[in-house]
Structure formats: C-alpha cells, structure tokens
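Asker: So that you have it, the file is final07.txt, and it contains compact mmCIF, C-alpha atoms:
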```
# COMPACT_ATOMS: atom_id res chain seq x y z
CA MET A 1 59.81 136.92 64.28
CA ALA A 2 58.86 140.59 64.61
CA TYR A 3 57.53 142.45 61.58
CA LEU A 4 59.99 145.32 62.16
CA ASN A 5 62.94 145.81 64.48
CA PHE A 6 62.16 149.42 65.43
CA ILE A 7 58.54 149.10 66.61
CA SER A 8 56.87 146.23 68.42
CA ASP A 9 54.23 144.17 66.60
CA GLU A 10 51.67 145.16 69.23
CA ASN A 11 52.30 148.87 68.80
CA LEU A 12 52.38 148.66 65.01
CA ILE A 13 49.09 146.75 64.82
CA ASN A 14 47.41 149.03 67.35
CA HIS A 15 48.57 152.10 65.45
CA ILE A 16 47.16 150.74 62.19
CA LYS A 17 43.88 149.99 63.98
CA LYS A 18 43.73 153.54 65.34
CA THR A 19 44.40 154.91 61.87
CA LEU A 20 41.67 152.73 60.36
CA ALA A 21 39.31 153.96 63.08
CA THR A 22 39.73 157.48 61.71
CA TYR A 23 38.19 156.16 58.48
CA SER A 24 34.96 155.39 60.36
CA ASP A 25 33.05 158.39 59.01
CA THR A 26 34.08 157.89 55.39
CA ILE A 27 33.13 154.21 55.21
CA LYS A 28 29.58 155.00 56.29
CA SER A 29 26.93 155.33 53.62
CA ILE A 30 26.84 158.75 51.95
CA ASN A 31 23.31 159.99 51.35
CA LEU A 32 22.19 162.90 49.20
CA ASP A 33 22.22 165.43 52.05
CA LYS A 34 25.80 164.57 52.95
CA PHE A 35 26.82 164.50 49.27
CA ASN A 36 25.45 168.02 48.82
CA SER A 37 26.57 169.40 52.19
CA ASN A 38 29.12 171.67 50.47
CA LEU A 39 26.80 172.37 47.51
CA ILE A 40 27.56 170.29 44.44
CA ASP A 41 28.26 172.19 41.21
CA PRO A 42 26.16 170.51 38.48
CA ILE A 43 27.75 172.64 35.75
CA LYS A 44 31.20 171.27 36.63
CA LEU A 45 29.82 167.72 36.66
CA THR A 46 28.22 168.36 33.25
CA PHE A 47 31.56 169.49 31.83
CA ASP A 48 33.40 166.55 33.46
CA SER A 49 30.91 164.04 32.07
CA ASN A 50 31.34 165.30 28.52
CA VAL A 51 35.06 166.11 28.56
CA TYR A 52 36.01 162.71 29.98
CA ASN A 53 33.27 160.87 28.07
CA LYS A 54 31.81 159.32 31.22
CA ASP A 55 28.17 158.86 32.12
CA LEU A 56 26.80 160.98 34.97
CA GLU A 57 26.47 158.04 37.34
CA THR A 58 30.23 157.41 37.02
CA ILE A 59 30.99 161.11 37.51
CA ILE A 60 28.82 161.24 40.64
CA LYS A 61 30.54 158.18 42.09
CA GLU A 62 33.93 159.77 41.39
CA GLU A 63 32.79 162.93 43.19
CA ILE A 64 31.77 160.80 46.18
CA ALA A 65 35.23 159.19 46.12
CA ARG A 66 36.84 162.66 45.94
CA GLN A 67 34.91 163.78 49.01
CA ARG A 68 36.02 160.69 50.90
CA ASP A 69 39.62 161.14 49.78
CA LYS A 70 39.71 164.69 51.12
CA THR A 71 38.74 163.42 54.58
CA ASN A 72 41.04 160.40 54.43
CA THR A 73 44.06 162.63 53.82
CA ASN A 74 43.76 163.61 57.49
CA ALA A 75 43.81 159.94 58.47
CA ILE A 76 47.08 159.40 56.63
CA GLY A 77 48.53 162.46 58.33
CA TYR A 78 47.57 160.87 61.64
CA PHE A 79 49.33 157.65 60.65
CA HIS A 80 52.59 159.33 59.64
CA GLN A 81 52.82 161.59 62.66
CA ASN A 82 51.63 159.39 65.48
CA ILE A 83 53.65 156.30 64.61
CA PHE A 84 56.62 158.16 66.08
CA LYS A 85 55.03 157.83 69.52
CA TYR A 86 56.26 154.23 69.45
CA PHE A 87 59.83 154.96 68.35
CA ASN A 88 62.64 155.22 70.87
CA ASN A 89 63.57 158.79 71.84
CA CYS A 90 60.67 160.31 69.91
CA GLU A 91 57.71 162.29 71.17
CA VAL A 92 54.63 163.68 69.47
CA PRO A 93 53.67 166.89 71.28
CA GLU A 94 50.09 168.08 71.65
CA HIS A 95 51.09 171.47 70.23
CA GLY A 96 54.00 173.10 68.46
CA PHE A 97 56.06 170.69 66.40
CA ASP A 98 54.80 167.43 64.89
CA VAL A 99 57.66 165.27 66.20
CA ILE A 100 60.64 165.83 68.48
CA PHE A 101 63.56 163.38 68.37
CA THR A 102 66.29 163.36 71.03
CA LYS A 103 69.65 162.23 69.67
CA PRO A 104 72.08 160.11 71.73
CA ASN A 105 74.08 163.24 72.65
CA GLY A 106 70.96 164.86 74.09
CA SER A 107 70.41 167.43 71.34
CA LYS A 108 67.00 167.55 69.70
CA ILE A 109 65.55 167.53 66.20
CA TYR A 110 62.29 169.46 65.83
CA VAL A 111 60.13 168.31 62.93
CA GLU A 112 57.36 169.71 60.79
CA LEU A 113 55.78 166.92 58.74
CA LYS A 114 54.25 167.48 55.31
CA ASN A 115 52.64 164.79 53.19
CA LYS A 116 53.72 166.07 49.76
CA HIS A 117 56.47 168.38 48.59
CA ASN A 118 53.98 170.41 46.53
CA THR A 119 51.35 171.03 49.23
CA MET A 120 52.96 174.29 50.37
CA ASN A 121 52.69 177.51 48.42
CA SER A 122 55.41 180.14 48.78
CA SER A 123 53.63 181.84 51.69
CA SER A 124 53.17 178.67 53.77
CA SER A 125 56.70 177.57 52.86
CA GLN A 126 58.12 180.84 54.20
CA LYS A 127 55.98 180.57 57.33
CA THR A 128 57.19 177.03 58.02
CA TYR A 129 60.80 178.02 57.38
CA MET A 130 60.56 180.97 59.78
CA LYS A 131 59.08 178.73 62.49
CA LEU A 132 61.95 176.26 62.13
CA SER A 133 64.67 178.92 61.90
CA ALA A 134 63.29 180.73 64.98
CA LYS A 135 63.59 177.48 66.96
CA ALA A 136 67.13 176.94 65.65
CA LEU A 137 68.10 180.43 66.85
CA GLU A 138 66.43 179.87 70.22
CA ASP A 139 68.27 176.57 70.80
CA PRO A 140 71.75 176.55 69.19
CA THR A 141 72.17 172.82 69.97
CA CYS A 142 69.15 171.67 68.00
CA GLU A 143 68.33 170.96 64.35
CA CYS A 144 65.00 171.69 62.68
CA TYR A 145 63.62 169.61 59.84
CA LEU A 146 60.87 169.90 57.27
CA VAL A 147 60.19 166.20 56.71
CA GLU A 148 58.27 165.31 53.55
CA ILE A 149 56.57 161.95 53.06
CA ILE A 150 56.29 162.30 49.27
CA ALA A 151 59.43 164.26 48.40
CA ARG A 152 60.89 164.80 44.95
CA ARG A 153 63.81 162.55 45.91
CA SER A 154 65.51 160.94 48.87
CA GLN A 155 67.36 163.78 50.55
CA ASN A 156 68.72 165.43 53.68
CA VAL A 157 69.81 168.92 52.62
CA ALA A 158 69.99 172.44 54.00
CA TRP A 159 66.72 174.22 53.25
CA TYR A 160 66.97 177.50 51.36
CA VAL A 161 64.00 179.80 50.75
CA SER A 162 63.45 183.26 49.31
CA LEU A 163 62.56 185.86 51.95
CA ASP A 164 61.96 189.40 50.71
CA GLY A 165 63.81 188.50 47.54
CA GLN A 166 66.86 187.19 49.38
CA ARG A 167 67.92 183.54 49.31
CA THR A 168 68.11 182.45 52.93
CA GLY A 169 69.12 179.20 54.61
CA CYS A 170 71.37 177.47 57.09
CA GLU A 171 72.69 173.97 57.78
CA LYS A 172 70.58 173.57 60.93
CA VAL A 173 67.29 174.02 59.09
CA ARG A 174 66.94 171.10 56.72
CA ARG A 175 64.62 169.56 54.16
CA VAL A 176 64.50 165.81 54.68
CA SER A 177 62.61 162.99 52.96
CA ILE A 178 60.81 160.54 55.25
CA ASP A 179 63.19 157.65 54.48
CA LYS A 180 66.17 159.70 55.66
CA PHE A 181 64.36 160.73 58.84
CA TYR A 182 63.48 157.10 59.60
CA GLU A 183 67.15 156.28 59.14
CA ILE A 184 68.15 158.99 61.64
CA VAL A 185 65.58 157.82 64.19
CA THR A 186 66.07 154.04 63.83
CA GLY A 187 69.65 153.71 62.58
CA ASP A 188 68.35 151.55 59.71
CA GLU A 189 68.60 153.11 56.23
CA ASP A 190 65.85 150.80 54.94
CA ALA A 191 63.45 151.32 57.86
CA PHE A 192 60.78 153.22 55.96
CA CYS A 193 60.87 150.76 53.07
CA LYS A 194 60.47 147.88 55.52
CA LEU A 195 57.41 149.55 57.02
CA CYS A 196 55.84 149.97 53.59
CA LYS A 197 56.45 146.30 52.78
CA VAL A 198 54.42 145.02 55.75
CA LEU A 199 51.60 147.60 55.62
CA HIS A 200 49.46 146.04 52.89
CA ARG A 201 49.21 142.62 54.54
CA LEU A 202 48.61 144.01 58.01
CA ILE A 203 45.89 146.42 56.88
CA LYS A 204 44.19 143.66 54.89
CA ASP A 205 44.31 141.25 57.85
CA ILE A 206 42.93 143.81 60.30
CA ILE A 207 40.04 144.79 57.99
CA SER A 208 39.15 141.14 57.33
CA GLN A 209 38.77 140.59 61.08
CA ASN A 210 36.58 143.63 61.71
CA GLU A 211 33.13 143.85 60.12
CA GLN A 212 32.78 147.45 61.31
CA LEU A 213 35.42 148.44 58.74
CA SER A 214 33.23 147.32 55.81
CA VAL A 215 32.21 150.13 53.45
CA GLU A 216 28.47 150.79 53.49
CA GLU A 217 26.49 151.25 50.27
CA ASP A 218 25.89 154.84 49.22
CA THR A 219 22.36 156.05 48.43
CA VAL A 220 23.13 159.20 46.39
CA ILE A 221 22.25 157.77 42.97
CA GLN A 222 19.03 156.21 44.27
CA GLU A 223 17.91 159.44 45.96
CA LEU A 224 18.71 161.51 42.86
CA ARG A 225 16.63 159.18 40.69
CA GLU A 226 13.77 159.55 43.16
CA LYS A 227 13.88 163.30 42.41
CA ASP A 228 13.99 162.64 38.68
CA ASN A 229 15.07 159.60 36.69
CA ASN A 230 17.07 161.96 34.48
CA LEU A 231 20.24 162.35 36.57
CA LEU A 232 21.26 165.56 34.82
CA LYS A 233 17.92 167.18 35.64
CA ALA A 234 18.05 165.85 39.20
CA LEU A 235 21.51 167.40 39.72
CA TYR A 236 20.38 170.80 38.43
CA LEU A 237 17.24 170.71 40.57
CA LEU A 238 19.41 169.83 43.56
CA ALA A 239 21.44 173.02 43.15
CA PHE A 240 19.02 175.41 41.45
CA SER A 241 15.52 174.41 42.56
CA THR A 242 14.77 177.98 43.70
CA TYR A 243 16.31 179.64 40.62
CA GLU A 244 14.09 181.09 37.91
CA GLY A 245 13.07 178.68 35.17
CA PHE A 246 14.40 175.47 36.74
CA ASP A 247 10.92 174.31 37.72
CA LYS A 248 10.48 173.70 33.96
CA PHE A 249 14.04 172.39 33.30
```
So that I can check it, write out the structure of this file as structure tokens.
Answerer:
Amino acid sequence: MAYLNFISDENLINHIKKTLATYSDTIKSINLDKFNSNLIDPIKLTFDSNVYNKDLETIIKEEIARQRDKTNTNAIGYFHQNIFKYFNNCEVPEHGFDVIFTKPNGSKIYVELKNKHNTMNSSSSQKTYMKLSAKALEDPTCECYLVEIIARRSQNVAWYVSLDGQRTGCEKVRRVSIDKFYEIVTGDEDAFCKLCKVLHRLIKDIISQNEQLSVEEDTVIQELREKDNNLLKALYLLAFSTYEGFDKF
C-alpha cells in the first residue's frame, strides 16, 4: 500500500533523501574557526549565561545549534518547494515563482511560498503583493497565491495590504495556508496532514540506513579550552585578542 495517494513512494523517499543531503554541511563537525566565522559576541554570551542561569558550555552548544538551525531553514524551504515537482500539474520553475499549478480548465495558479506568516515585514509583504498582483493583471485568467507553511490559521482568503496608506486587495490575489493549497492541488483536504504523518518514520528509516547522515562531534569546546581552561576568558580572547588590556584579562 502506498504511503500517500498523491505522490509515489519512490518520489517521496527520493525527495526526503535529497532534502537530507542538504543537511550535509551542518552535520559535519563544527570547529572553532567555523564557529567564529561570523565573529562570536562574547558579551552577548555572557549576558545569556547569567540571564538564563546556564553554564557557558551549554550556552556555546546552544549557539552552535542556532548556527546550524539558520542553515537548515534553507533545507526545509527546499523540501516544501520542490516536493511539488512530483505532483500532477505542478511545476517548480528555475526563476520567477516558486510553484505553478495548472488547473483542469487550463488556468494557472502562481505561488510564492513562505515558511512562516511572520517572516515578512511590511516592505517585503508589499513587494510580494505587488509581484502577485502584477501577474494577475498580466494574465486575467490566473490566480496568484501567497502560500504560508506556518500560517496563523487554515485559510484561503483574498489578500489585502496597505499601499501608500490605502487598503488594497482583490479576489485573484490570495493568502492561502499550505493545507488549503495541498487540497487544491491534490483534491484531498487532508493531504498535507497525511504527509506530516508519514514524515517522521520515513526520515528516521532513511537516516538509520545511511551512516553519512550521522552528526559528527563538534570540537569548539575542546579548542576553546586549549586557548584557556576558563571558557569565559577563552571567548573574550577569541574576539578581543588584539584589543587593549585583553592580554591580561
């Protein structure tokens, strides 16, 4: 029995494997040079350690996890967008829109995908709206959607924005949660939920069968202690070694 009725098992598993492959850089060991590639702020880490009542080693490990998470956000974006390559009547263009779906009557839905409803500020929201509305004006037969993975609620509504102080919107430019878009594309109102239900087991199985997906041990703490066994001093010397007075910190 197939995992899902709107994508083949082979395509689903291959897509998960391709997504996991994008994690390849972040599962490698992080050394001190990589950890400090964007210049760590030891003052912030000092505040964090005291405010949250956590030892510095814990705070450093959390910072490493934060750096990984920032990169992995792109991997999840890849997963959400490129899965539509395997759905009937969908395409994922190289440029322009994230997804284009052709409805049975031949008209098209042009999609901009966003991971979270709160990732756009007012400027980027206006820019995205203008891109979608320009396409809707260019092609009167089409619809244009902002599709949000993590939306405030399940919805498929006309999108209204404020442009130059005026509330603007139309029925052809819509704000749609991912579950509603899956329903439009597959004809199954529970399609997105069904995908989520099988993901955990499939990801776990794929990782268990591939040793290359094992997370390597980080060396940041060890390398800091080699600079100085006092982690606080080591962090300050990492950032301020050329600053006046820090040679006697």
Asker: Please report as JSON lines every residue of segment 181-235 of chain A lying within 10 Å of segment 40-53 of chain A, along with the nearest atom pair and their distance in Å (one decimal), using all atoms listed in the file.
Answerer:
```
{"residue": "A:Leu232", "atom": "CA", "partner": "A:Thr46", "partner_atom": "CA", "distance": 7.7}
{"residue": "A:Lys233", "atom": "CA", "partner": "A:Pro42", "partner_atom": "CA", "distance": 9.3}
{"residue": "A:Ala234", "atom": "CA", "partner": "A:Pro42", "partner_atom": "CA", "distance": 9.4}
{"residue": "A:Leu235", "atom": "CA", "partner": "A:Pro42", "partner_atom": "CA", "distance": 5.7}
```
Asker: Could you tell me how far atom CA of Asp164 of chain A lies from atom CA of Ile109 of chain A, in Å and to one decimal?
Answerer: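 Calculated distance between atom CA of Asp164 of chain A and atom CA of Ile109 of chain A is 27.0 Å.
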Asker: For Asn230 of chain A, which residue among A:Glu94, A:Lys135, A:Phe249, A:Met120 is the nearest when counting only C-alpha atoms?
Answerer: A:Phe249
Asker: Lys108 of chain A: which residues within 12 Å, counting all atoms listed in the file, same-chain residues fewer than 6 positions away excluded, as a list in words?
Answerer: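 Near Lys108 of chain A, the qualifying residues are Asn89, Cys90, Glu91, Phe97, Val99, Ile100, Phe101, Thr102, Lys135, Ala136, Asp139, Pro140, Thr141, Cys142, Glu143, Cys144, Tyr145, Lys172, Ile184 and Val185 of chain A.
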Asker: Residues within 9 Å of Leu39 of chain A, please, as a count of residues only. Count only C-alpha atoms; anything in the same chain fewer than 3 positions from it doesn't count.
Answerer: 4
Asker: Name the closest residue to Tyr182 of chain A among the candidates A:Leu199, A:Leu12, A:Ile60, A:Ile7; distances are taken between atoms, counting all atoms listed in the file.
Answerer: A:Ile7
Asker: Could you list, as a PyMOL selection string, every residue within 12 Å of Lys180 of chain A, counting all atoms listed in the file and ignoring same-chain residues fewer than 6 positions away?
Answerer: chain A and resi 145-149+151+153-157+174+186-193
Asker: Report, in Å to a single decimal, how far apart atom CA of Asp98 of chain A and atom CA of Val111 of chain A are.
Answerer: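 Going from atom CA of Val111 of chain A over to atom CA of Asp98 of chain A, I get 5.7 Å.
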Asker: Tell me, as a list in words, which residues lie within 8 Å of Lys17 of chain A, counting only C-alpha atoms; anything in the same chain fewer than 4 positions away does not count.
Answerer: Ile13, Ala21 and Ile206 of chain A
Asker: Quote the spacing between atom CA of Asp33 of chain A and atom CA of Leu20 of chain A in Å to one decimal place.
Answerer: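 Pair atom CA of Asp33 of chain A / atom CA of Leu20 of chain A returns 24.7 Å.
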Asker: Between A:Asp55, A:Asp9, A:Glu112, A:Glu62, which is the closest to Ser177 of chain A once you count all atoms listed in the file?
Answerer: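 Closest residue, counting all atoms listed in the file: A:Glu112.
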Asker: Give me, as a list in words, all polymer residues having an atom no more than 9 Å from Cys170 of chain A, counting all atoms listed in the file and skipping those fewer than 4 positions away in the same chain.
Answerer: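 Counting all atoms listed in the file, the residues come to Ser133, Ala158, Trp159, Tyr160 and Arg174 of chain A.
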Asker: Dump C-alpha atoms for the selected residues as a PDB file, keeping the file's coordinate frame?
Answerer:
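The file below, part.pdb, is the result:
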```
ATOM      1  CA  SER A 133      64.670 178.920  61.900  1.00  0.00           C
ATOM      2  CA  ALA A 158      69.990 172.440  54.000  1.00  0.00           C
ATOM      3  CA  TRP A 159      66.720 174.220  53.250  1.00  0.00           C
ATOM      4  CA  TYR A 160      66.970 177.500  51.360  1.00  0.00           C
ATOM      5  CA  ARG A 174      66.940 171.100  56.720  1.00  0.00           C
TER       6      ARG A 174
END
```
Asker: Which polymer residues, whether protein, DNA or RNA, lie within 10 Å of the coordinate (50.5, 161.7, 57.6) when you count all atoms listed in the file? List them as number ranges by chain, using the chain letters and numbers from the file.
Answerer: A: 73-83, 113-116, 148-149
Asker: Please reconstruct the missing atoms of segment 214-243 of chain A (target: N, CA and C atoms) and return them as an mmCIF file, keeping the file's coordinate frame.
Answerer:
```cif
data_model
loop_
_atom_site.group_PDB
_atom_site.id
_atom_site.type_symbol
_atom_site.label_atom_id
_atom_site.label_comp_id
_atom_site.auth_asym_id
_atom_site.auth_seq_id
_atom_site.Cartn_x
_atom_site.Cartn_y
_atom_site.Cartn_z
ATOM 1 N N SER A 214 33.781 147.545 57.142
ATOM 2 C CA SER A 214 33.230 147.320 55.810
ATOM 3 C C SER A 214 32.571 148.605 55.306
ATOM 4 N N VAL A 215 32.772 148.910 54.038
ATOM 5 C CA VAL A 215 32.210 150.130 53.450
ATOM 6 C C VAL A 215 30.721 149.921 53.193
ATOM 7 N N GLU A 216 29.913 150.856 53.687
ATOM 8 C CA GLU A 216 28.470 150.790 53.490
ATOM 9 C C GLU A 216 28.093 151.296 52.095
ATOM 10 N N GLU A 217 26.940 150.863 51.617
ATOM 11 C CA GLU A 217 26.490 151.250 50.270
ATOM 12 C C GLU A 217 25.942 152.673 50.280
ATOM 13 N N ASP A 218 26.363 153.465 49.321
ATOM 14 C CA ASP A 218 25.890 154.840 49.220
ATOM 15 C C ASP A 218 24.495 154.888 48.594
ATOM 16 N N THR A 219 23.737 155.933 48.931
ATOM 17 C CA THR A 219 22.360 156.050 48.430
ATOM 18 C C THR A 219 22.159 157.274 47.537
ATOM 19 N N VAL A 220 23.229 157.948 47.156
ATOM 20 C CA VAL A 220 23.130 159.200 46.390
ATOM 21 C C VAL A 220 22.413 158.994 45.065
ATOM 22 N N ILE A 221 22.846 158.006 44.291
ATOM 23 C CA ILE A 221 22.250 157.770 42.970
ATOM 24 C C ILE A 221 20.764 157.460 43.107
ATOM 25 N N GLN A 222 20.425 156.596 44.051
ATOM 26 C CA GLN A 222 19.030 156.210 44.270
ATOM 27 C C GLN A 222 18.171 157.421 44.627
ATOM 28 N N GLU A 223 18.676 158.274 45.523
ATOM 29 C CA GLU A 223 17.910 159.440 45.960
ATOM 30 C C GLU A 223 17.776 160.465 44.834
ATOM 31 N N LEU A 224 18.811 160.604 44.003
ATOM 32 C CA LEU A 224 18.710 161.510 42.860
ATOM 33 C C LEU A 224 17.643 161.019 41.872
ATOM 34 N N ARG A 225 17.612 159.727 41.631
ATOM 35 C CA ARG A 225 16.630 159.180 40.690
ATOM 36 C C ARG A 225 15.212 159.297 41.244
ATOM 37 N N GLU A 226 15.101 159.331 42.565
ATOM 38 C CA GLU A 226 13.770 159.550 43.160
ATOM 39 C C GLU A 226 13.295 160.968 42.903
ATOM 40 N N LYS A 227 14.238 161.925 42.767
ATOM 41 C CA LYS A 227 13.880 163.300 42.410
ATOM 42 C C LYS A 227 13.473 163.372 40.940
ATOM 43 N N ASP A 228 14.282 162.714 40.108
ATOM 44 C CA ASP A 228 13.990 162.640 38.680
ATOM 45 C C ASP A 228 14.866 161.549 38.088
ATOM 46 N N ASN A 229 14.297 160.700 37.258
ATOM 47 C CA ASN A 229 15.070 159.600 36.690
ATOM 48 C C ASN A 229 16.164 160.090 35.750
ATOM 49 N N ASN A 230 16.032 161.314 35.269
ATOM 50 C CA ASN A 230 17.070 161.960 34.480
ATOM 51 C C ASN A 230 18.087 162.553 35.455
ATOM 52 N N LEU A 231 19.255 161.921 35.562
ATOM 53 C CA LEU A 231 20.240 162.350 36.570
ATOM 54 C C LEU A 231 20.698 163.781 36.356
ATOM 55 N N LEU A 232 20.827 164.192 35.094
ATOM 56 C CA LEU A 232 21.260 165.560 34.820
ATOM 57 C C LEU A 232 20.245 166.559 35.376
ATOM 58 N N LYS A 233 18.969 166.302 35.119
ATOM 59 C CA LYS A 233 17.920 167.180 35.640
ATOM 60 C C LYS A 233 17.908 167.159 37.159
ATOM 61 N N ALA A 234 18.058 165.976 37.737
ATOM 62 C CA ALA A 234 18.050 165.850 39.200
ATOM 63 C C ALA A 234 19.180 166.657 39.836
ATOM 64 N N LEU A 235 20.371 166.639 39.203
ATOM 65 C CA LEU A 235 21.510 167.400 39.720
ATOM 66 C C LEU A 235 21.245 168.908 39.672
ATOM 67 N N TYR A 236 20.652 169.368 38.552
ATOM 68 C CA TYR A 236 20.380 170.800 38.430
ATOM 69 C C TYR A 236 19.281 171.232 39.411
ATOM 70 N N LEU A 237 18.298 170.383 39.606
ATOM 71 C CA LEU A 237 17.240 170.710 40.570
ATOM 72 C C LEU A 237 17.781 170.704 41.995
ATOM 73 N N LEU A 238 18.792 169.879 42.231
ATOM 74 C CA LEU A 238 19.410 169.830 43.560
ATOM 75 C C LEU A 238 20.059 171.173 43.896
ATOM 76 N N ALA A 239 20.704 171.772 42.909
ATOM 77 C CA ALA A 239 21.440 173.020 43.150
ATOM 78 C C ALA A 239 20.584 174.268 42.905
ATOM 79 N N PHE A 240 19.685 174.186 41.914
ATOM 80 C CA PHE A 240 19.020 175.410 41.450
ATOM 81 C C PHE A 240 17.502 175.348 41.552
ATOM 82 N N SER A 241 16.965 174.595 42.485
ATOM 83 C CA SER A 241 15.520 174.410 42.560
ATOM 84 C C SER A 241 14.768 175.722 42.797
ATOM 85 N N THR A 242 15.429 176.701 43.428
ATOM 86 C CA THR A 242 14.770 177.980 43.700
ATOM 87 C C THR A 242 15.091 179.037 42.645
ATOM 88 N N TYR A 243 15.938 178.684 41.654
ATOM 89 C CA TYR A 243 16.310 179.640 40.620
ATOM 90 C C TYR A 243 15.198 179.720 39.557
#
```
